[in-house]
>>> print(open('start22.csv').read())   # CSV, C-alpha atoms and all ligand atoms
chain,number,residue,atom,x,y,z
A,1,MET,CA,-26.7,46.7,-74.0
A,2,GLN,CA,-23.0,45.9,-74.4
A,3,LEU,CA,-20.8,47.4,-77.2
A,4,VAL,CA,-18.0,45.0,-78.1
A,5,HIS,CA,-15.3,45.3,-80.7
A,6,THR,CA,-13.1,42.1,-80.6
A,7,VAL,CA,-13.9,38.4,-81.0
A,8,ASP,CA,-12.8,37.8,-77.4
A,9,GLN,CA,-15.1,40.5,-76.1
A,10,LEU,CA,-17.9,39.1,-78.2
A,11,ASN,CA,-17.4,35.6,-76.7
A,12,ALA,CA,-17.3,37.0,-73.2
A,13,ALA,CA,-20.5,38.9,-73.8
A,14,LEU,CA,-22.2,35.8,-75.2
A,15,ALA,CA,-20.9,33.4,-72.6
A,16,PRO,CA,-23.8,33.7,-70.1
A,17,ALA,CA,-26.3,33.2,-72.9
A,18,ARG,CA,-24.4,30.1,-74.2
A,19,ALA,CA,-24.1,28.7,-70.7
A,20,ALA,CA,-27.8,29.1,-70.1
A,21,ALA,CA,-28.7,27.6,-73.5
A,22,GLN,CA,-30.5,30.8,-74.5
A,23,THR,CA,-31.2,31.3,-78.2
A,24,ILE,CA,-29.1,33.9,-80.0
A,25,GLY,CA,-30.4,36.1,-82.8
A,26,LEU,CA,-28.2,38.0,-85.2
A,27,VAL,CA,-28.9,41.1,-87.2
A,28,PRO,CA,-25.9,41.8,-89.5
A,29,THR,CA,-25.7,45.4,-90.6
A,30,MET,CA,-23.2,47.9,-92.0
A,31,GLY,CA,-24.5,50.6,-89.6
A,32,ALA,CA,-26.0,53.9,-90.6
A,33,LEU,CA,-29.1,52.5,-89.0
A,34,HIS,CA,-32.6,53.6,-89.8
A,35,ALA,CA,-36.2,52.4,-88.9
A,36,GLY,CA,-35.8,49.5,-91.4
A,37,HIS,CA,-32.9,48.1,-89.4
A,38,LEU,CA,-34.7,48.6,-86.1
A,39,SER,CA,-37.6,46.5,-87.5
A,40,LEU,CA,-35.1,43.7,-88.1
A,41,VAL,CA,-33.9,44.0,-84.5
A,42,GLU,CA,-37.5,43.9,-83.2
A,43,LEU,CA,-38.1,40.7,-85.2
A,44,ALA,CA,-34.9,39.2,-83.9
A,45,LYS,CA,-36.0,40.0,-80.4
A,46,GLU,CA,-39.4,38.3,-80.9
A,47,SER,CA,-37.6,35.1,-82.1
A,48,SER,CA,-34.6,34.8,-79.8
A,49,ASP,CA,-33.5,35.4,-76.2
A,50,VAL,CA,-30.3,37.5,-76.9
A,51,VAL,CA,-30.0,39.8,-79.9
A,52,VAL,CA,-26.6,40.6,-81.4
A,53,VAL,CA,-26.4,43.4,-84.0
A,54,SER,CA,-23.2,43.5,-85.9
A,55,ILE,CA,-22.0,46.7,-87.5
A,56,PHE,CA,-19.3,46.3,-90.0
A,57,VAL,CA,-18.7,48.0,-93.3
A,58,ASN,CA,-17.4,45.0,-95.2
A,59,PRO,CA,-14.7,46.0,-97.7
A,60,LYS,CA,-15.0,42.6,-99.5
A,61,GLN,CA,-18.5,43.4,-100.9
A,62,PHE,CA,-17.6,46.8,-102.5
A,63,GLY,CA,-16.1,46.8,-106.0
A,64,VAL,CA,-13.5,49.2,-107.4
A,65,GLY,CA,-15.1,52.7,-107.7
A,66,GLU,CA,-18.0,51.8,-105.4
A,67,ASP,CA,-18.8,53.8,-102.3
A,68,PHE,CA,-16.8,51.9,-99.6
A,69,ASP,CA,-14.9,55.1,-98.5
A,70,LYS,CA,-18.0,57.2,-98.6
A,71,TYR,CA,-20.3,54.7,-96.9
A,72,PRO,CA,-21.7,56.4,-93.8
A,73,ARG,CA,-20.0,55.3,-90.5
A,74,THR,CA,-22.2,56.5,-87.6
A,75,LEU,CA,-21.4,54.2,-84.7
A,76,GLU,CA,-22.3,56.6,-81.9
A,77,ALA,CA,-25.7,57.4,-83.4
A,78,ASP,CA,-26.2,53.7,-84.2
A,79,THR,CA,-25.5,52.5,-80.7
A,80,ALA,CA,-27.9,55.2,-79.3
A,81,LEU,CA,-30.6,53.9,-81.6
A,82,LEU,CA,-30.0,50.3,-80.5
A,83,GLU,CA,-30.0,51.1,-76.7
A,84,GLY,CA,-32.8,49.1,-75.1
A,85,LYS,CA,-33.4,47.1,-78.3
A,86,ALA,CA,-30.3,45.0,-78.9
A,87,ASP,CA,-28.4,43.1,-76.2
A,88,ILE,CA,-25.0,43.1,-77.8
A,89,VAL,CA,-23.6,45.4,-80.5
A,90,PHE,CA,-20.6,43.8,-82.2
A,91,ALA,CA,-18.6,46.5,-84.1
A,92,PRO,CA,-15.4,44.8,-85.1
A,93,SER,CA,-12.4,46.1,-87.1
A,94,ALA,CA,-11.4,44.5,-90.4
A,95,GLN,CA,-8.5,42.9,-88.5
A,96,ASP,CA,-11.0,41.1,-86.2
A,97,VAL,CA,-13.2,39.9,-89.0
A,98,TYR,CA,-10.4,38.9,-91.3
A,99,PRO,CA,-7.3,38.3,-89.1
A,100,PRO,CA,-4.3,38.0,-91.3
A,101,GLU,CA,-3.2,34.7,-89.6
A,102,LEU,CA,-6.5,33.0,-90.5
A,103,GLU,CA,-7.3,31.8,-94.0
A,104,ILE,CA,-10.8,32.9,-94.5
A,105,GLN,CA,-12.6,30.9,-97.1
A,106,THR,CA,-14.2,33.0,-99.8
A,107,LYS,CA,-17.9,32.0,-100.3
A,108,HIS,CA,-19.1,31.8,-103.9
A,109,ALA,CA,-22.6,33.0,-104.8
A,110,GLY,CA,-22.9,30.7,-107.9
A,111,PRO,CA,-25.3,31.4,-110.7
A,112,VAL,CA,-27.8,33.6,-108.7
A,113,GLY,CA,-24.8,35.8,-107.8
A,114,ASN,CA,-24.1,36.6,-111.4
A,115,LEU,CA,-27.5,38.0,-112.2
A,116,PHE,CA,-28.9,41.6,-111.7
A,117,GLU,CA,-27.1,43.0,-108.6
A,118,GLY,CA,-24.3,40.5,-109.2
A,119,ALA,CA,-24.0,41.5,-112.9
A,120,SER,CA,-23.9,45.2,-112.0
A,121,ARG,CA,-21.6,44.7,-109.0
A,122,PRO,CA,-19.2,41.8,-109.9
A,123,GLY,CA,-17.9,40.1,-106.8
A,124,HIS,CA,-20.4,41.8,-104.5
A,125,PHE,CA,-22.3,38.7,-103.5
A,126,ASP,CA,-19.1,36.6,-102.9
A,127,GLY,CA,-17.9,39.3,-100.5
A,128,MET,CA,-21.3,39.6,-98.8
A,129,LEU,CA,-21.6,35.8,-98.3
A,130,THR,CA,-18.0,35.6,-97.1
A,131,VAL,CA,-18.7,38.2,-94.3
A,132,VAL,CA,-22.1,36.7,-93.4
A,133,ALA,CA,-20.5,33.2,-93.1
A,134,ARG,CA,-17.8,34.7,-90.9
A,135,LEU,CA,-20.4,36.4,-88.7
A,136,PHE,CA,-22.4,33.2,-88.5
A,137,ASP,CA,-19.2,31.4,-87.4
A,138,LEU,CA,-18.3,34.0,-84.7
A,139,VAL,CA,-21.8,34.6,-83.3
A,140,ARG,CA,-23.2,31.1,-83.9
A,141,PRO,CA,-26.8,32.4,-84.0
A,142,ASP,CA,-30.0,30.3,-83.9
A,143,ILE,CA,-31.8,32.8,-86.0
A,144,ALA,CA,-30.6,35.6,-88.3
A,145,VAL,CA,-32.7,38.4,-89.7
A,146,PHE,CA,-32.3,39.9,-93.2
A,147,GLY,CA,-34.4,42.5,-94.9
A,148,GLN,CA,-36.6,41.7,-97.9
A,149,LYS,CA,-35.3,44.9,-99.5
A,150,ASP,CA,-32.1,43.2,-100.5
A,151,ALA,CA,-34.0,40.3,-102.0
A,152,GLN,CA,-31.1,38.7,-103.9
A,153,GLN,CA,-29.0,38.9,-100.8
A,154,LEU,CA,-31.8,37.3,-98.8
A,155,ALA,CA,-32.1,34.4,-101.3
A,156,LEU,CA,-28.3,33.8,-101.3
A,157,VAL,CA,-28.1,33.9,-97.5
A,158,THR,CA,-31.0,31.5,-97.2
A,159,ASN,CA,-29.2,29.1,-99.6
A,160,LEU,CA,-25.9,29.5,-97.6
A,161,ALA,CA,-27.7,28.7,-94.3
A,162,ALA,CA,-29.5,25.7,-95.8
A,163,ALA,CA,-26.2,24.4,-97.2
A,164,ASP,CA,-23.7,25.1,-94.4
A,165,TYR,CA,-25.5,26.1,-91.2
A,166,PRO,CA,-28.1,23.4,-90.3
A,167,GLY,CA,-30.3,24.6,-87.4
A,168,LEU,CA,-29.9,28.2,-88.3
A,169,GLU,CA,-33.1,29.9,-89.4
A,170,VAL,CA,-33.0,32.9,-91.7
A,171,ILE,CA,-35.9,35.2,-91.1
A,172,ALA,CA,-37.0,37.7,-93.7
A,173,ALA,CA,-38.2,41.1,-92.6
A,174,GLU,CA,-40.6,43.2,-94.7
A,175,THR,CA,-39.2,46.3,-96.3
A,176,VAL,CA,-39.9,49.5,-94.3
A,177,ARG,CA,-40.9,52.5,-96.4
A,178,GLU,CA,-41.0,56.2,-96.2
A,179,PRO,CA,-44.6,57.7,-96.4
A,180,SER,CA,-44.0,58.2,-100.1
A,181,GLY,CA,-43.3,54.4,-100.6
A,182,LEU,CA,-39.5,54.9,-101.0
A,183,ALA,CA,-37.8,51.9,-99.4
A,184,MET,CA,-35.6,52.9,-96.5
A,185,SER,CA,-31.9,52.6,-97.2
A,186,SER,CA,-28.7,53.8,-95.5
A,187,ARG,CA,-27.9,55.4,-98.9
A,188,ASN,CA,-31.1,57.6,-98.9
A,189,ARG,CA,-29.2,60.1,-96.7
A,190,PHE,CA,-27.1,60.9,-99.8
A,191,LEU,CA,-30.2,62.1,-101.7
A,192,ASN,CA,-30.9,65.8,-101.7
A,193,SER,CA,-34.5,66.8,-101.1
A,194,GLU,CA,-35.3,66.9,-104.8
A,195,GLN,CA,-33.7,63.5,-105.4
A,196,PHE,CA,-35.5,62.1,-102.4
A,197,GLU,CA,-38.8,62.9,-104.1
A,198,ILE,CA,-37.7,61.7,-107.5
A,199,ALA,CA,-36.6,58.4,-105.9
A,200,GLU,CA,-40.2,57.6,-105.0
A,201,ILE,CA,-40.6,56.6,-108.7
A,202,LEU,CA,-39.0,53.2,-107.9
A,203,ALA,CA,-41.7,52.1,-105.6
A,204,ILE,CA,-44.4,53.8,-107.7
A,205,SER,CA,-43.3,51.9,-110.8
A,206,LEU,CA,-43.1,48.6,-109.0
A,207,LEU,CA,-46.7,49.0,-107.8
A,208,ALA,CA,-47.9,50.1,-111.3
A,209,VAL,CA,-46.2,47.2,-113.1
A,210,CYS,CA,-47.6,44.7,-110.5
A,211,GLU,CA,-51.1,46.1,-111.0
A,212,LEU,CA,-50.8,46.0,-114.8
A,213,ILE,CA,-49.7,42.3,-114.7
A,214,GLU,CA,-52.5,41.5,-112.2
A,215,SER,CA,-55.0,43.1,-114.5
A,216,GLY,CA,-53.9,40.7,-117.3
A,217,MET,CA,-51.3,42.7,-119.2
A,218,ALA,CA,-48.3,40.7,-120.5
A,219,ALA,CA,-45.4,41.1,-118.2
A,220,SER,CA,-43.0,42.3,-121.0
A,221,ALA,CA,-45.4,45.1,-121.9
A,222,ALA,CA,-46.0,46.1,-118.3
A,223,LEU,CA,-42.2,46.2,-117.6
A,224,GLU,CA,-41.7,48.4,-120.6
A,225,ILE,CA,-44.2,50.9,-119.2
A,226,GLY,CA,-42.4,50.7,-115.8
A,227,ARG,CA,-39.0,51.3,-117.4
A,228,GLU,CA,-40.4,54.4,-119.2
A,229,MET,CA,-41.8,55.7,-116.0
A,230,ILE,CA,-38.4,55.5,-114.3
A,231,SER,CA,-36.4,56.8,-117.3
A,232,GLY,CA,-38.8,59.7,-117.6
A,233,GLU,CA,-37.7,61.2,-114.3
A,234,PRO,CA,-34.8,63.7,-114.2
A,235,GLU,CA,-31.5,62.6,-112.7
A,236,THR,CA,-32.5,58.9,-112.9
A,237,LYS,CA,-30.6,56.2,-114.7
A,238,LEU,CA,-32.3,52.8,-114.8
A,239,ASP,CA,-30.1,49.8,-114.4
A,240,TYR,CA,-32.8,47.1,-114.5
A,241,LEU,CA,-36.5,46.5,-113.9
A,242,ALA,CA,-37.4,42.8,-114.2
A,243,LEU,CA,-39.8,40.1,-113.2
A,244,VAL,CA,-38.0,37.1,-111.8
A,245,ASP,CA,-38.4,33.9,-109.9
A,246,PRO,CA,-37.9,34.8,-106.2
A,247,SER,CA,-35.4,32.0,-105.5
A,248,THR,CA,-33.5,31.6,-108.8
A,249,PHE,CA,-33.7,35.2,-110.0
A,250,VAL,CA,-34.2,33.8,-113.5
A,251,PRO,CA,-36.5,36.2,-115.5
A,252,LEU,CA,-40.1,35.0,-115.8
A,253,ASN,CA,-41.7,34.8,-119.3
A,254,ASP,CA,-45.1,36.3,-120.2
A,255,GLY,CA,-47.9,34.0,-119.0
A,256,ALA,CA,-45.8,32.6,-116.0
A,257,THR,CA,-47.9,31.9,-112.9
A,258,GLY,CA,-46.9,31.4,-109.2
A,259,PRO,CA,-44.6,33.3,-106.9
A,260,ALA,CA,-43.0,36.3,-108.7
A,261,LEU,CA,-40.7,39.1,-107.7
A,262,LEU,CA,-40.4,42.5,-109.4
A,263,ILE,CA,-36.9,43.9,-108.9
A,264,VAL,CA,-35.6,47.3,-109.8
A,265,ALA,CA,-32.2,49.1,-109.5
A,266,ALA,CA,-31.6,52.7,-110.6
A,267,GLN,CA,-29.2,55.5,-110.0
A,268,VAL,CA,-30.8,58.7,-108.7
A,269,GLY,CA,-28.2,61.4,-108.9
A,270,GLU,CA,-25.0,59.6,-107.7
A,271,VAL,CA,-27.0,57.2,-105.5
A,272,ARG,CA,-27.7,53.7,-106.6
A,273,LEU,CA,-31.0,52.4,-105.1
A,274,ILE,CA,-32.7,49.0,-105.3
A,275,ASP,CA,-36.2,47.9,-104.4
A,276,ASN,CA,-38.5,44.9,-105.1
A,277,LEU,CA,-42.1,43.7,-104.8
A,278,PRO,CA,-43.0,40.1,-104.2
A,279,PHE,CA,-46.4,38.9,-105.4
A,280,GLN,CA,-48.3,36.0,-106.9
A,281,ILE,CA,-49.3,35.9,-110.5
B,301,LIG,O1,-27.2,44.2,-96.0
B,301,LIG,C1,-26.2,44.6,-95.5
B,301,LIG,O2,-26.1,45.6,-94.8
B,301,LIG,C2,-24.9,43.8,-95.8
B,301,LIG,O3,-24.8,43.3,-97.0
B,301,LIG,C3,-24.6,42.7,-94.7
B,301,LIG,C4,-25.7,41.6,-94.8
B,301,LIG,C5,-24.6,43.3,-93.3
B,301,LIG,C6,-23.3,42.0,-95.0
B,301,LIG,O4,-22.2,43.0,-94.9
>>> encode(input="start22.csv", output="structure tokens")
Amino acid sequence: MQLVHTVDQLNAALAPARAAAQTIGLVPTMGALHAGHLSLVELAKESSDVVVVSIFVNPKQFGVGEDFDKYPRTLEADTALLEGKADIVFAPSAQDVYPPELEIQTKHAGPVGNLFEGASRPGHFDGMLTVVARLFDLVRPDIAVFGQKDAQQLALVTNLAAADYPGLEVIAAETVREPSGLAMSSRNRFLNSEQFEIAEILAISLLAVCELIESGMAASAALEIGREMISGEPETKLDYLALVDPSTFVPLNDGATGPALLIVAAQVGEVRLIDNLPFQI
């Protein structure tokens, strides 16, 4: 495995693969890797010859007052975890990703980007798409793997690839969970042991709401029950719990049928967590 920091080093590391027409897989991350990320890397390895994992805490996707400064930076531990799994780790500086002499085009997330996570974190999805497009331009992957846990991000990246990167396949990786059901997240490390237990309520409420809807209860009533379950927990502040169309993120009405996605965001202590559950109604 090679650890590279600059674009020149990245190009040199990728040159043999490009010369041999090998397929390149990209797993973009912000580091602080956990088993969820490693499952993305495994999936990338199954679908491509050479796997690049990027590690870059992208300032453009953090709003004022968000946790950019506090976001865990654990490059040494991350590279140790990736040893034997990734071929190239690309850990650039902000200067490499956004060189001042280059005019980097800001990507716009459009209507989907203004809903839910986008409404709570204005500008987040434009910043996320801008860095993802930049990484696609630098790595020129054949496939890129993103986690289903960030469902709105996944939908937006899939649209970006379809619009601007013909031939690039975006692969979705299932959410990896703790034994309690809590979705793995780099931010979970900021939960104390009590909050770690409390945070299980997100996954528990998603499952409960899904079962209630499947058993015939109106979605609006089931969601209300789920909201009470979350709000009833100490230290928990619900942002949203909603049933949406998985590609447009437009809320589904009672009685809707077909593919559906339950999405949730809540603060547990100081930590903002998200989760989701795709299902068929
Ligand atoms: O999901 C993440 O970790 C980030 O949003 C991503 C895709 C690496 C872009 O910075």
>>> residues_around(input="start22.csv", residues="Ile281 of chain A", least_positions_apart="6", cutoff="9 Å", atoms="only C-alpha atoms", output="number ranges by chain")
A: 210, 213-214, 255-260
>>> residues_near_ligand(input="start22.csv", ligand="ligand LIG 301 (chain B)", cutoff="6 Å", atoms="all atoms listed in the file", output="ChimeraX atom specification")
/A:28-30,58,128,131-132
>>> residues_around(input="start22.csv", residues="Arg272 of chain A", least_positions_apart="4", cutoff="9 Å", atoms="only C-alpha atoms", output="MDAnalysis selection string")
chainID A and resid 187 237 265:268
>>> write_last_selection(input="start22.csv", atoms="C-alpha atoms", output="mmCIF file, keeping the file's coordinate frame")
data_model
loop_
_atom_site.group_PDB
_atom_site.id
_atom_site.type_symbol
_atom_site.label_atom_id
_atom_site.label_comp_id
_atom_site.auth_asym_id
_atom_site.auth_seq_id
_atom_site.Cartn_x
_atom_site.Cartn_y
_atom_site.Cartn_z
ATOM 1 C CA ARG A 187 -27.900 55.400 -98.900
ATOM 2 C CA LYS A 237 -30.600 56.200 -114.700
ATOM 3 C CA ALA A 265 -32.200 49.100 -109.500
ATOM 4 C CA ALA A 266 -31.600 52.700 -110.600
ATOM 5 C CA GLN A 267 -29.200 55.500 -110.000
ATOM 6 C CA VAL A 268 -30.800 58.700 -108.700
#
>>> atom_distance(input="start22.csv", atom1="atom CA of Pro72 of chain A", atom2="atom CA of Ala32 of chain A")
5.9 Å
>>> residues_around(input="start22.csv", residues="Glu194 of chain A", least_positions_apart="5", cutoff="12 Å", atoms="only C-alpha atoms", output="list in words")
Asn188, Ala199, Glu200, Glu233, Pro234, Glu235, Thr236, Val268 and Gly269 of chain A
>>> residues_around(input="start22.csv", residues="Gly31 of chain A", least_positions_apart="2", cutoff="12 Å", atoms="all atoms listed in the file", output="ChimeraX atom specification")
/A:27-29,33-38,53-58,71-82,89-92,185-187
>>> atom_distance(input="start22.csv", atom1="atom CA of Gln280 of chain A", atom2="atom CA of Arg227 of chain A")
20.8 Å
>>> residues_around(input="start22.csv", residues="segment 104-112 of chain A", least_positions_apart="3", cutoff="6 Å", atoms="only C-alpha atoms", output="PyMOL selection string")
chain A and resi 115+125-126+129-130
>>> residues_near_point(input="start22.csv", point="(-19.0, 44.3, -79.2)", cutoff="10 Å", atoms="all atoms listed in the file", output="list in words")
Met1, Gln2, Leu3, Val4, His5, Thr6, Val7, Asp8, Gln9, Leu10, Asn11, Ala12, Ala13, Leu14, Val52, Val53, Ser54, Ile55, Asp87, Ile88, Val89, Phe90, Ala91 and Pro92 of chain A
>>> atom_distance(input="start22.csv", atom1="atom CA of Pro59 of chain A", atom2="atom CA of Val170 of chain A")
23.3 Å
>>> closest_residue(input="start22.csv", among="A:Glu117, A:Asp254, A:Glu42, A:Glu101", to="Ala144 of chain A", atoms="all atoms listed in the file")
A:Glu42
>>> closest_residue(input="start22.csv", among="A:Gln195, A:Gln95, A:Ser180, A:Gln153", to="Gln61 of chain A", atoms="all atoms listed in the file")
A:Gln153
>>> closest_residue(input="start22.csv", among="A:Leu138, A:Ala155, A:Ile225, A:Ile24", to="Ser48 of chain A", atoms="all atoms listed in the file")
A:Ile24
>>> closest_residue(input="start22.csv", among="A:Ala86, A:Met229, A:Leu40, A:Met217", to="Val176 of chain A", atoms="all atoms listed in the file")
A:Leu40
>>> closest_residue(input="start22.csv", among="A:Gly25, A:Gly63, A:Pro246, A:Gly232", to="Ala119 of chain A", atoms="all atoms listed in the file")
A:Gly63
>>> closest_residue(input="start22.csv", among="A:Leu241, A:Ala17, A:Leu261, A:Leu277", to="Gly181 of chain A", atoms="all atoms listed in the file")
A:Leu277
